[in-house]
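Engineer: Structure incoming, see below.
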Protein chains: 4
Amino acid sequence: MLRFLTAGESHGRCLVGILEGIPAGLRLDKNDIDQELALRQKGYGRGPRMKIEKDKVEILSGLRRAKTIGSPIALLIRNNDFKINKLPAVLHPRPGHADLAGCLKYDSKDIRDVLERASARETAMRVAIGAICKGFLREFKIALVNHVLRIGQAWAHTERLNFEQIRQRVAHSVLSCADKTAENRMITEIDKAQAQGDSLGGVFAVMAINLPVGLGSYVHWDRRLDGVISGALMSIPAIKGVEIGSGFLGAFQSGSQVQDAIFYNQAKSFYRRTNYAGGLEGGVTNGEPLVVRCAMKPIATLRSPLPSVNIKSKRLAKAAVERADVCAVPAASIVGEAVVSFCLAQAFLEKFGGDSLAETKRNHQGYVKQIKTF
Amino acid sequence: MLRFLTAGESHGRCLVGILEGIPAGLRLDKNDIDQELALRQKGYGRGPRMKIEKDKVEILSGLRRAKTIGSPIALLIRNNDFKINKLPAVLHPRPGHADLAGCLKYDSKDIRDVLERASARETAMRVAIGAICKGFLREFKIALVNHVLRIGQAWAHTERLNFEQIRQRVAHSVLSCADKTAENRMITEIDKAQAQGDSLGGVFAVMAINLPVGLGSYVHWDRRLDGVISGALMSIPAIKGVEIGSGFLGAFQSGSQVQDAIFYNQAKSFYRRTNYAGGLEGGVTNGEPLVVRCAMKPIATLRSPLPSVNIKSKRLAKAAVERADVCAVPAASIVGEAVVSFCLAQAFLEKFGGDSLAETKRNHQGYVKQIKTF
Amino acid sequence: MLRFLTAGESHGRCLVGILEGIPAGLRLDKNDIDQELALRQKGYGRGPRMKIEKDKVEILSGLRRAKTIGSPIALLIRNNDFKINKLPAVLHPRPGHADLAGCLKYDSKDIRDVLERASARETAMRVAIGAICKGFLREFKIALVNHVLRIGQAWAHTERLNFEQIRQRVAHSVLSCADKTAENRMITEIDKAQAQGDSLGGVFAVMAINLPVGLGSYVHWDRRLDGVISGALMSIPAIKGVEIGSGFLGAFQSGSQVQDAIFYNQAKSFYRRTNYAGGLEGGVTNGEPLVVRCAMKPIATLRSPLPSVNIKSKRLAKAAVERADVCAVPAASIVGEAVVSFCLAQAFLEKFGGDSLAETKRNHQGYVKQIKTF
Amino acid sequence: MLRFLTAGESHGRCLVGILEGIPAGLRLDKNDIDQELALRQKGYGRGPRMKIEKDKVEILSGLRRAKTIGSPIALLIRNNDFKINKLPAVLHPRPGHADLAGCLKYDSKDIRDVLERASARETAMRVAIGAICKGFLREFKIALVNHVLRIGQAWAHTERLNFEQIRQRVAHSVLSCADKTAENRMITEIDKAQAQGDSLGGVFAVMAINLPVGLGSYVHWDRRLDGVISGALMSIPAIKGVEIGSGFLGAFQSGSQVQDAIFYNQAKSFYRRTNYAGGLEGGVTNGEPLVVRCAMKPIATLRSPLPSVNIKSKRLAKAAVERADVCAVPAASIVGEAVVSFCLAQAFLEKFGGDSLAETKRNHQGYVKQIKTF
């Protein structure tokens with residue numbers, strides 16, 4: 001079973017991750033991971049931290065001559081800003097962060113003990129791990145894309161774009177947005193928030209294509225892929241909402257409007273003309289593109305800080321100011337794609353098994369043929 | 001670690017569940033469970049099935065003289081409509097269900113093999129298990145409520161109601177709705193959909209109060225309580241969206257508008273005047289009420305069935321018609337409360353440990369005192 | 001991932017089990033399970049309880065028309081002796097049982113709250129679950145046998161017997177012993193112990209043949225099959241020792257004596273002429289028969305009870321007397337085979353995946369061919 | 001729940017480990033870990049590798065100013081002998097290792113892809129992780145010792161030694177042996193084996209004192225501490241047997257001889273005068289010292305290699321010769337103590353919970369008092 005652990009603090013020496021369960025024989029290119037890490041750091045509206053870090057992964061184990069050998073893969077991303085032991089105590093918890101709850105839970109009188117690990121810096125490692133999973137999925141023609149749908153009040157219109165169109169447009173956007181007009185409005189919103197010392201949230205989407213029918217299962221609640229993916233997405237810092245397919249809007253329509261009628265022809269086997277379900281029915285992939293969206297709240301660290309309380313004196317105080325972004329939706333969007341990649345690779349390996357890439361491919365092909373001749 | 005498995009098909013002999021990890025010494029009343037089961041079956045707009053089933057739980061193990069003894073608790077709910085082996089083959093998959101993907105995945109030529117377990121009937125056992133968890137949480141003054149916020153186009157306004165007000169109003173509503181005016185509009189919507197052979201979805205909320213600060217953790221992604229709870233909620237059949245606190249709307253506001261400033265006074269210790277975060281910051285409970293909302297798509301089984309394909313002949317066909325409800329949002333709302341109860345009990349026991357209720361209480365009280373004198 | 005939970009007390013209403021993860025399409029015969037349950041209850045030297053119980057399983061879910069459908073399989077075994085709520089308090093803990101530690105842990109003043117679940121009665125459900133796993137393995141020609149090697153001072157000599165010979169001899173033994181002479185000595189030992197109000201332990205072996213090379217893995221400690229199987233065996237009540245292949249005796253020899261040299265011919269591919277390793281090298285099956293042995297301590301409940309202490313008065317007392325066997329090694333041997341069956345089925349499914357039996361078989365065959373043409 | 005992953009190959013860049021779940025506030029000294037690592041490398045009879053490696057741990061995360069903060073703890077141990085990508089192919093599998101099964105499983109034509117991770121080098125990280133767990137247990141006065149009981153034909157007599165005596169004697173032994181006379185015989189055996197190009201196995205014991213009554217549980221098979229600990233021990237490379245308390249010998253005695261009668265006095269509360277059970281009854285700690293023993297087979301890599309087969313040509317060949325030890329029982333003994341430390345810390349945290357050391361201590365003390373006034 002594919003699994004991973006991560007470790008590392010925001011101003012610690014480094015981030016560390018171990019990914020266990022990738023089959024042997026997968027070619028892994030460090031540059032593919034670094035590219036995803038770079039995407040996570042770009043995006044209009046990012047703060048000064050992003051200029052400090054130029055994340056590069058080091059693959060410490062699990063490879064021999066650039067191929068996986070079945071062993072756990074250990075990854076390391078150095079922090080250029082290693083000073084955790086020297087940084088002074090933080091006493092003013094920031095609303096919207098784990099600061100206060102963390103201090104109480106872990107019985108710490110210094111918020112820095114909390115914010116160092118609660119920081120979204122941790123997601124860099126999730127991106128690295130997701131990049132490996134994405135490379136694994138690529139062997140089976142499964143591709144993913146993420147894109148920003150909303151920042152502040154600006155919405156992108158992407159309903160008529162297919163996967164490939166989105167992918168191309170996103171590649172040329174400073175905000176991972178597939179709608180150029182919307183992107184301009186988003187930039188204006190960000191500039192305005194920046195000027196006001198305020199921050200913005202938004203909505204992003206993750207899409208995956210060429211998934212085989214039958215990943216996940218309805219037979220037990222914790223194997224339903226909708227639950228697994230949503231849980232992973234909601235565990236990304238600042239994510240406060242997740243929806244699949246038609247999501248909330250679909251809930252307001254009538255049943256006859258939001259189901260995906262089933263069709264058949266020999267070339268495509270069973271197929272749909274619509275995808276209200278977002279690729280998941282009964283918690284199982286149905287062969288249509290997976291479509292999920294996440295709502296990210298505005299960055300909680302503000303240049304004009306909110307009222308807070310000194311945890312020692314208990315007196316009113318201004319919340320601590322850590323360096324922060326104005327808007328991190330494009331970064332969260334990359335993280336979102338990474339965690340979906342992990343969930344899909346995990347479900348894929350659970351279904352198809354296999355200790356070598358050749359074995360997993362053989363099993364997968366056997367199933368594809370089974371489906372075709374069903 | 002609290003865990004459970006469930007089993008059972010819609011027209012099988014019964015549903016079975018095993019809940020492992022509840023401490024010894026908890027008084028369990030079968031009637032408390034039956035009451036939740038009855039709530040799941042009520043609700044304006046339910047179909048004929050609900051008249052057939054009058055779910056009653058049988059507690060098969062784990063109790064001695066009505067108290068838990070630390071052993072796993074086995075539960076059984078009989079199906080009055082046991083005929084799984086006699087029912088004829090189903091060949092026309094229903095869009096919106098696991099029908100087609102399930103047949104392909106499990107290599108079955110009879111959709112009944114799939115729909116029997118993929119049925120929402122399974123959620124009755126989750127409600128029973130949640131009822132036990134709720135009883136456990138009650139020992140620590142933690143209380144939950146669920147209520148319907150939207151059906152079709154009708155919205156309830158509950159922003160100004162507190163937990164107790166919602167609880168009282170819901171108790172007198174046929175739709176678990178805390179807004180009488182909205183409830184009437186919802187009933188009209190349901191009647192209309194019923195007349196048209198159509199179905200409706202909606203939105204419900206689950207709220208929990210008196211949670212200690214510090215359940216869940218930001219230290220590892222899979223321990224964040226926002227992710228855990230969202231994953232469990234999204235695994236309820238027909239749920240396509242989950243949001244916490246301000247959720248999607250919060251994503252559209254600026255950072256200064258949606259954080260919960262921190263205050264302190266001796267009586268309440270640290271507290272907030274707002275609850276945009278919905279009780280969770282950094283994946284950890286912050287002591288404010290937990291507030292989550294779910295979007296439920298309209299029931300996918302329609303009296304006026306959608307286009308589908310015969311899985312044998314591959315010819316166009318009308319989707320199968322199983323008996324079904326017009327609207328099951330109130331039922332899903334009960335299930336939602338049940339799964340949140342489980343997640344909270346699990347996180348609670350992880351933090352406080354304890355093999356007997358007395359021990360868990362002692363540990364909890366020690367922590368409450370620690371927090372107070374922080 | 002194959003998993004299960006069990007529930008049920010010794011004098012409760014029944015035992016319950018849920019097995020999750022068996023592929024669809026496996027024919028399951030209730031009689032196969034009942035036969036294993038009957039074997040667990042037989043054996044020279046068993047006490048009166050075995051005459052009270054005639055265990056029969058009820059399959060409550062997971063089947064349709066006698067075949068699995070991918071759903072969790074719920075099992076129930078009724079207790080004929082259901083009186084848990086009426087039985088009086090037990091105050092004198094029995095040395096060798098969980099009685100005292102259980103009362104202290106779960107804060108109970110009545111040992112019955114402990115001994116009801118700590119009883120080996122629970123193993124009946126593990127046998128039922130193991131029987132299903134064994135049926136699954138049979139589809140891949142994997143066969144298991146268990147046999148008693150020692151009771152008290154009597155040793156069986158089975159070194160020269162192969163799997164099939166052991167299976168046939170065990171079938172005709174009242175003690176599941178493959179050595180007739182030893183069996184007679186064992187019976188004499190049991191009669192003697194019975195006359196003295198004493199009890200006996202012993203050693204049994206479990207063997208499995210036709211396992212594919214490559215179950216389990218050395219890449220992470222918790223995936224090593226030697227650890228997984230040993231942990232499961234040691235969790236059987238009264239088991240205090242486990243060894244694989246040459247085990248303890250092998251530890252006393254020199255390296256050149258106890259490794260299994262590797263040979264090759266076209267018919268058998270790679271093979272060994274010895275099996276000191278007991279079928280596991282580096283925590284991975286090597287294609288040779290799996291051989292494990294367990295040491296079972298004598299039954300701890302004695303007709304002539306040991307010194308103990310009244311848990312209320314704290315005064316010296318005689319340990320409680322529950323009805324019990326003189327020797328239960330043959331029963332434990334059945335349980336041993338059952339838990340090994342589960343572990344093997346789990347490792348098998350992890351490697352080969354598959355949601356239907358047809359899919360798992362196809363994947364398995366592909367691998368068998370890969371190995372042959374390596 | 002305490003958990004960990006490890007990564008790293010024998011001639012890779014380094015070993016990596018992540019330990020997740022240690023409470024905040026535990027003082028961690030890198031030297032304590034290095035000391036355990038040094039113990040693992042010493043021992044009469046070790047090969048040249050041990051002179052190459054002088055393992056030192058680097059703590060990459062989870063600490064701030066030398067104290068844990070609740071975050072995952074990442075550890076790194078560098079390999080001085082990093083050359084995995086340059087080493088030539090290995091074609092002759094060594095009997096007794098994962099070599100052959102690993103190649104077939106992972107579909108690799110070069111045994112080096114297998115032996116790099118299957119190597120016992122990996123246990124260095126388990127020792128480091130165990131050292132942290134041991135430090136955690138020390139806060140609760142729980143202490144562990146490991147010692148060698150047998151090498152080849154030489155047995156140590158330690159029956160009359162208590163924990164403290166064993167600890168002192170082991171500290172002055174080149175073979176971690178508490179019996180000086182036996183140690184000399186062991187050295188002679190090792191010298192002889194060395195001269196013959198042969199290798200030796202043996203038996204070691206791990207002991208833990210001051211464990212609270214009630215770790216582990218009988219309520220579900222996979223929570224029984226005997227099973228958990230045995231599984232972890234058997235997952236150490238070359239371990240082929242595990243026994244608890246009287247183990248195999250206890251199985252040959254009668255019931256009245258091998259149970260530990262229960263006594264009581266006010267100072268000690270309930271206690272035993274014997275410890276046949278090895279501190280575990282019903283899978284639960286009973287307050288007496290935990291005593292486990294492991295059988296280690298002789299090192300499988302021999303200077304005078306065994307018959308094997310070239311995996312490409314399929315012709316007879318001599319097994320590959322990797323540098324190796326003559327006897328590694330003292331090293332395995334250290335690893336044994338480490339894995340037991342992890343299992344105990346895990347069970348301890350499951351019972352007592354707690355996010356800070358202060359909280360866990362408070363919970364533990366409350367329980368100790370509960371037991372005393374039972």
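Ligands are numbered from 1 in the order shown, residues from 1 within each chain, and chains are lettered A, B, ... in the order they appear in the structure tokens.
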Can you check which parts of chain A lie within 6 Å of chain C? Per residue, the shortest pair of atoms and distance in Å to one decimal, counting only C-alpha atoms, sorted by chain and number, as a Markdown table.

Structural biologist:
```
| residue | atom | partner | partner_atom | distance |
| --- | --- | --- | --- | --- |
| A:Ser71 | CA | C:Val219 | CA | 5.2 |
| A:Val219 | CA | C:Ser71 | CA | 5.2 |
| A:Lys351 | CA | C:Gly353 | CA | 5.1 |
| A:Phe352 | CA | C:Gly353 | CA | 4.8 |
| A:Gly353 | CA | C:Gly353 | CA | 4.3 |
| A:Gly354 | CA | C:Lys351 | CA | 5.5 |
| A:Asn363 | CA | C:Asn363 | CA | 5.4 |
```

Engineer: What lies within 10 Å of Ser108 of chain B using only C-alpha atoms, ignoring chain neighbours under 3 positions off, as a compact mmCIF listing (two decimals) with N, CA, C and O atoms, in the first residue's frame?

Structural biologist:
```txt
# COMPACT_ATOMS: atom_id res chain seq x y z
N PHE A 374 -16.09 -6.61 -22.11
CA PHE A 374 -17.14 -6.87 -21.11
C PHE A 374 -18.47 -7.19 -21.80
O PHE A 374 -18.91 -6.44 -22.67
N LEU B 100 -22.66 0.99 -13.13
CA LEU B 100 -21.85 0.60 -14.28
C LEU B 100 -20.39 0.38 -13.89
O LEU B 100 -19.79 -0.66 -14.19
N GLY B 102 -19.22 -0.28 -11.06
CA GLY B 102 -19.15 -1.44 -10.16
C GLY B 102 -19.12 -2.75 -10.93
O GLY B 102 -18.36 -3.66 -10.61
N CYS B 103 -19.97 -2.86 -11.95
CA CYS B 103 -20.00 -4.09 -12.75
C CYS B 103 -18.68 -4.32 -13.46
O CYS B 103 -18.19 -5.45 -13.53
N LEU B 104 -18.13 -3.25 -13.99
CA LEU B 104 -16.86 -3.38 -14.71
C LEU B 104 -15.73 -3.73 -13.74
O LEU B 104 -14.91 -4.62 -14.01
N LYS B 105 -15.71 -3.06 -12.62
CA LYS B 105 -14.66 -3.29 -11.63
C LYS B 105 -14.70 -4.72 -11.10
O LYS B 105 -13.69 -5.40 -11.06
N ILE B 111 -26.10 -6.16 -12.39
CA ILE B 111 -25.91 -4.93 -11.62
C ILE B 111 -26.37 -5.10 -10.17
O ILE B 111 -25.90 -4.39 -9.29
N ARG B 112 -27.25 -6.05 -9.94
CA ARG B 112 -27.71 -6.24 -8.56
C ARG B 112 -26.55 -6.58 -7.62
O ARG B 112 -26.56 -6.20 -6.45
N ASP B 113 -25.56 -7.29 -8.14
CA ASP B 113 -24.37 -7.59 -7.32
C ASP B 113 -23.70 -6.32 -6.82
O ASP B 113 -22.98 -6.34 -5.82
N VAL B 114 -23.91 -5.24 -7.55
CA VAL B 114 -23.28 -3.97 -7.20
C VAL B 114 -24.20 -3.12 -6.34
O VAL B 114 -23.83 -2.64 -5.27
N ALA C 24 -14.57 -10.39 -5.67
CA ALA C 24 -15.85 -10.94 -6.11
C ALA C 24 -15.64 -12.22 -6.91
O ALA C 24 -14.59 -12.41 -7.53
N GLY C 25 -16.65 -13.10 -6.85
CA GLY C 25 -16.62 -14.28 -7.72
C GLY C 25 -16.05 -15.52 -7.08
O GLY C 25 -15.90 -16.55 -7.74
N ILE C 69 -19.38 -11.07 -3.72
CA ILE C 69 -19.65 -9.98 -4.66
C ILE C 69 -18.76 -8.77 -4.39
O ILE C 69 -19.03 -7.67 -4.85
N SER C 356 -11.93 -8.94 -8.85
CA SER C 356 -12.67 -10.18 -9.10
C SER C 356 -11.68 -11.32 -9.08
O SER C 356 -10.48 -11.13 -9.33
```

Engineer: Can you list, as an MDAnalysis selection string, every protein, DNA or RNA residue that comes within 9 Å of Ala261 of chain D when you count only C-alpha atoms, leaving out same-chain residues fewer than 6 positions away?

Structural biologist: (chainID C and resid 94:96 306:309 319) or (chainID D and resid 271:274)

Engineer: Any chance you could list, as a PyMOL selection string, the residues in segment 176-310 of chain D that come up alpha helix (DSSP H) when DSSP is run on the backbone?

Structural biologist: chain D and resi 180-195+225-234+247-250

Engineer: Convert the current residue selection to file output with N, CA, C and O atoms, as a tab-separated table (two decimals), in the first residue's frame.

Structural biologist:
```tsv
chain	number	residue	atom	x	y	z
D	180	LYS	N	30.54	-14.35	32.14
D	180	LYS	CA	31.94	-14.23	31.69
D	180	LYS	C	32.47	-15.55	31.15
D	180	LYS	O	33.17	-15.60	30.13
D	181	THR	N	32.17	-16.64	31.85
D	181	THR	CA	32.65	-17.96	31.42
D	181	THR	C	32.10	-18.31	30.04
D	181	THR	O	32.82	-18.77	29.15
D	182	ALA	N	30.82	-18.09	29.89
D	182	ALA	CA	30.19	-18.38	28.60
D	182	ALA	C	30.78	-17.50	27.52
D	182	ALA	O	31.04	-17.95	26.40
D	183	GLU	N	31.03	-16.28	27.86
D	183	GLU	CA	31.59	-15.33	26.89
D	183	GLU	C	32.90	-15.87	26.32
D	183	GLU	O	33.14	-15.81	25.11
D	184	ASN	N	33.72	-16.40	27.19
D	184	ASN	CA	35.00	-16.95	26.72
D	184	ASN	C	34.77	-18.10	25.75
D	184	ASN	O	35.44	-18.22	24.73
D	185	ARG	N	33.85	-18.97	26.09
D	185	ARG	CA	33.54	-20.08	25.19
D	185	ARG	C	33.01	-19.56	23.86
D	185	ARG	O	33.30	-20.09	22.79
D	186	MET	N	32.19	-18.51	23.93
D	186	MET	CA	31.64	-17.91	22.70
D	186	MET	C	32.76	-17.38	21.80
D	186	MET	O	32.75	-17.56	20.58
D	187	ILE	N	33.72	-16.72	22.43
D	187	ILE	CA	34.85	-16.17	21.66
D	187	ILE	C	35.60	-17.29	20.95
D	187	ILE	O	35.96	-17.17	19.77
D	188	THR	N	35.81	-18.37	21.66
D	188	THR	CA	36.47	-19.53	21.06
D	188	THR	C	35.68	-20.05	19.86
D	188	THR	O	36.24	-20.35	18.80
D	189	GLU	N	34.39	-20.14	20.03
D	189	GLU	CA	33.53	-20.60	18.92
D	189	GLU	C	33.67	-19.68	17.70
D	189	GLU	O	33.74	-20.13	16.56
D	190	ILE	N	33.66	-18.39	17.98
D	190	ILE	CA	33.74	-17.41	16.88
D	190	ILE	C	35.08	-17.54	16.16
D	190	ILE	O	35.14	-17.55	14.92
D	191	ASP	N	36.15	-17.66	16.94
D	191	ASP	CA	37.48	-17.79	16.33
D	191	ASP	C	37.53	-19.02	15.43
D	191	ASP	O	38.09	-18.99	14.34
D	192	LYS	N	36.92	-20.09	15.91
D	192	LYS	CA	36.93	-21.33	15.14
D	192	LYS	C	36.15	-21.16	13.83
D	192	LYS	O	36.62	-21.54	12.75
D	193	ALA	N	34.99	-20.58	13.93
D	193	ALA	CA	34.16	-20.36	12.74
D	193	ALA	C	34.88	-19.46	11.75
D	193	ALA	O	34.91	-19.71	10.55
D	194	GLN	N	35.51	-18.44	12.29
D	194	GLN	CA	36.28	-17.51	11.45
D	194	GLN	C	37.36	-18.25	10.67
D	194	GLN	O	37.50	-18.07	9.46
D	195	ALA	N	38.07	-19.09	11.38
D	195	ALA	CA	39.14	-19.85	10.75
D	195	ALA	C	38.61	-20.74	9.63
D	195	ALA	O	39.28	-20.99	8.63
D	225	LEU	N	-0.07	-7.37	22.91
D	225	LEU	CA	1.31	-6.90	22.88
D	225	LEU	C	2.28	-8.04	22.58
D	225	LEU	O	3.36	-7.81	22.01
D	226	ASP	N	1.92	-9.27	22.94
D	226	ASP	CA	2.81	-10.39	22.61
D	226	ASP	C	2.94	-10.54	21.09
D	226	ASP	O	4.04	-10.74	20.57
D	227	GLY	N	1.82	-10.40	20.40
D	227	GLY	CA	1.85	-10.48	18.95
D	227	GLY	C	2.60	-9.31	18.33
D	227	GLY	O	3.42	-9.49	17.42
D	228	VAL	N	2.34	-8.12	18.83
D	228	VAL	CA	2.97	-6.93	18.27
D	228	VAL	C	4.49	-7.00	18.42
D	228	VAL	O	5.24	-6.78	17.46
D	229	ILE	N	4.94	-7.32	19.61
D	229	ILE	CA	6.38	-7.38	19.87
D	229	ILE	C	7.03	-8.52	19.08
D	229	ILE	O	8.12	-8.35	18.49
D	230	SER	N	6.39	-9.66	19.03
D	230	SER	CA	6.98	-10.79	18.31
D	230	SER	C	7.08	-10.51	16.83
D	230	SER	O	8.07	-10.88	16.18
D	231	GLY	N	6.05	-9.87	16.29
D	231	GLY	CA	6.08	-9.53	14.88
D	231	GLY	C	7.24	-8.60	14.58
D	231	GLY	O	7.95	-8.77	13.58
D	232	ALA	N	7.45	-7.62	15.46
D	232	ALA	CA	8.54	-6.66	15.24
D	232	ALA	C	9.89	-7.35	15.36
D	232	ALA	O	10.82	-7.07	14.60
D	233	LEU	N	10.03	-8.25	16.32
D	233	LEU	CA	11.30	-8.95	16.50
D	233	LEU	C	11.60	-9.87	15.32
D	233	LEU	O	12.72	-9.95	14.84
D	234	MET	N	10.57	-10.58	14.86
D	234	MET	CA	10.80	-11.52	13.77
D	234	MET	C	11.10	-10.79	12.47
D	234	MET	O	11.61	-11.40	11.53
D	247	GLY	N	8.50	-19.69	27.14
D	247	GLY	CA	8.58	-20.01	25.72
D	247	GLY	C	8.45	-21.48	25.41
D	247	GLY	O	7.54	-22.15	25.91
D	248	PHE	N	9.36	-21.99	24.59
D	248	PHE	CA	9.27	-23.39	24.15
D	248	PHE	C	9.40	-24.35	25.32
D	248	PHE	O	8.68	-25.34	25.40
D	249	LEU	N	10.32	-24.06	26.24
D	249	LEU	CA	10.47	-25.00	27.36
D	249	LEU	C	9.23	-25.04	28.22
D	249	LEU	O	8.82	-26.09	28.70
D	250	GLY	N	8.59	-23.91	28.39
D	250	GLY	CA	7.35	-23.87	29.18
D	250	GLY	C	6.26	-24.75	28.59
D	250	GLY	O	5.40	-25.27	29.30
```

Engineer: What separation in Å, quoted to one decimal, exists between atom CA of Leu39 of chain A and atom CA of Pro23 of chain A?

Structural biologist: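 So the two atoms, atom CA of Leu39 of chain A and atom CA of Pro23 of chain A, lie 26.5 Å apart.
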
Engineer: Please extract the residues of segment 160-336 of chain D with a backbone DSSP assignment of strand (DSSP E or B) and present them as a ChimeraX atom specification.

Structural biologist: /D:200,202-209,239-244,254,262-265,269-272,280-281,284-285,290-296,307-309,316-318,327

Engineer: Would you compute the distance between atom CA of Asp325 of chain D and atom CA of Gly201 of chain D? Give it in Å to one decimal.

Structural biologist: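 Interatomic distance, atom CA of Asp325 of chain D to atom CA of Gly201 of chain D: 10.8 Å.
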
Engineer: At a cut-off of 9 Å, using only C-alpha atoms, what residues contact Trp221 of chain B? Leave out same-chain residues fewer than 6 positions from it and give the result as a PyMOL selection string.

Structural biologist: (chain A and resi 5-6+232+235-236) or (chain B and resi 227+283)
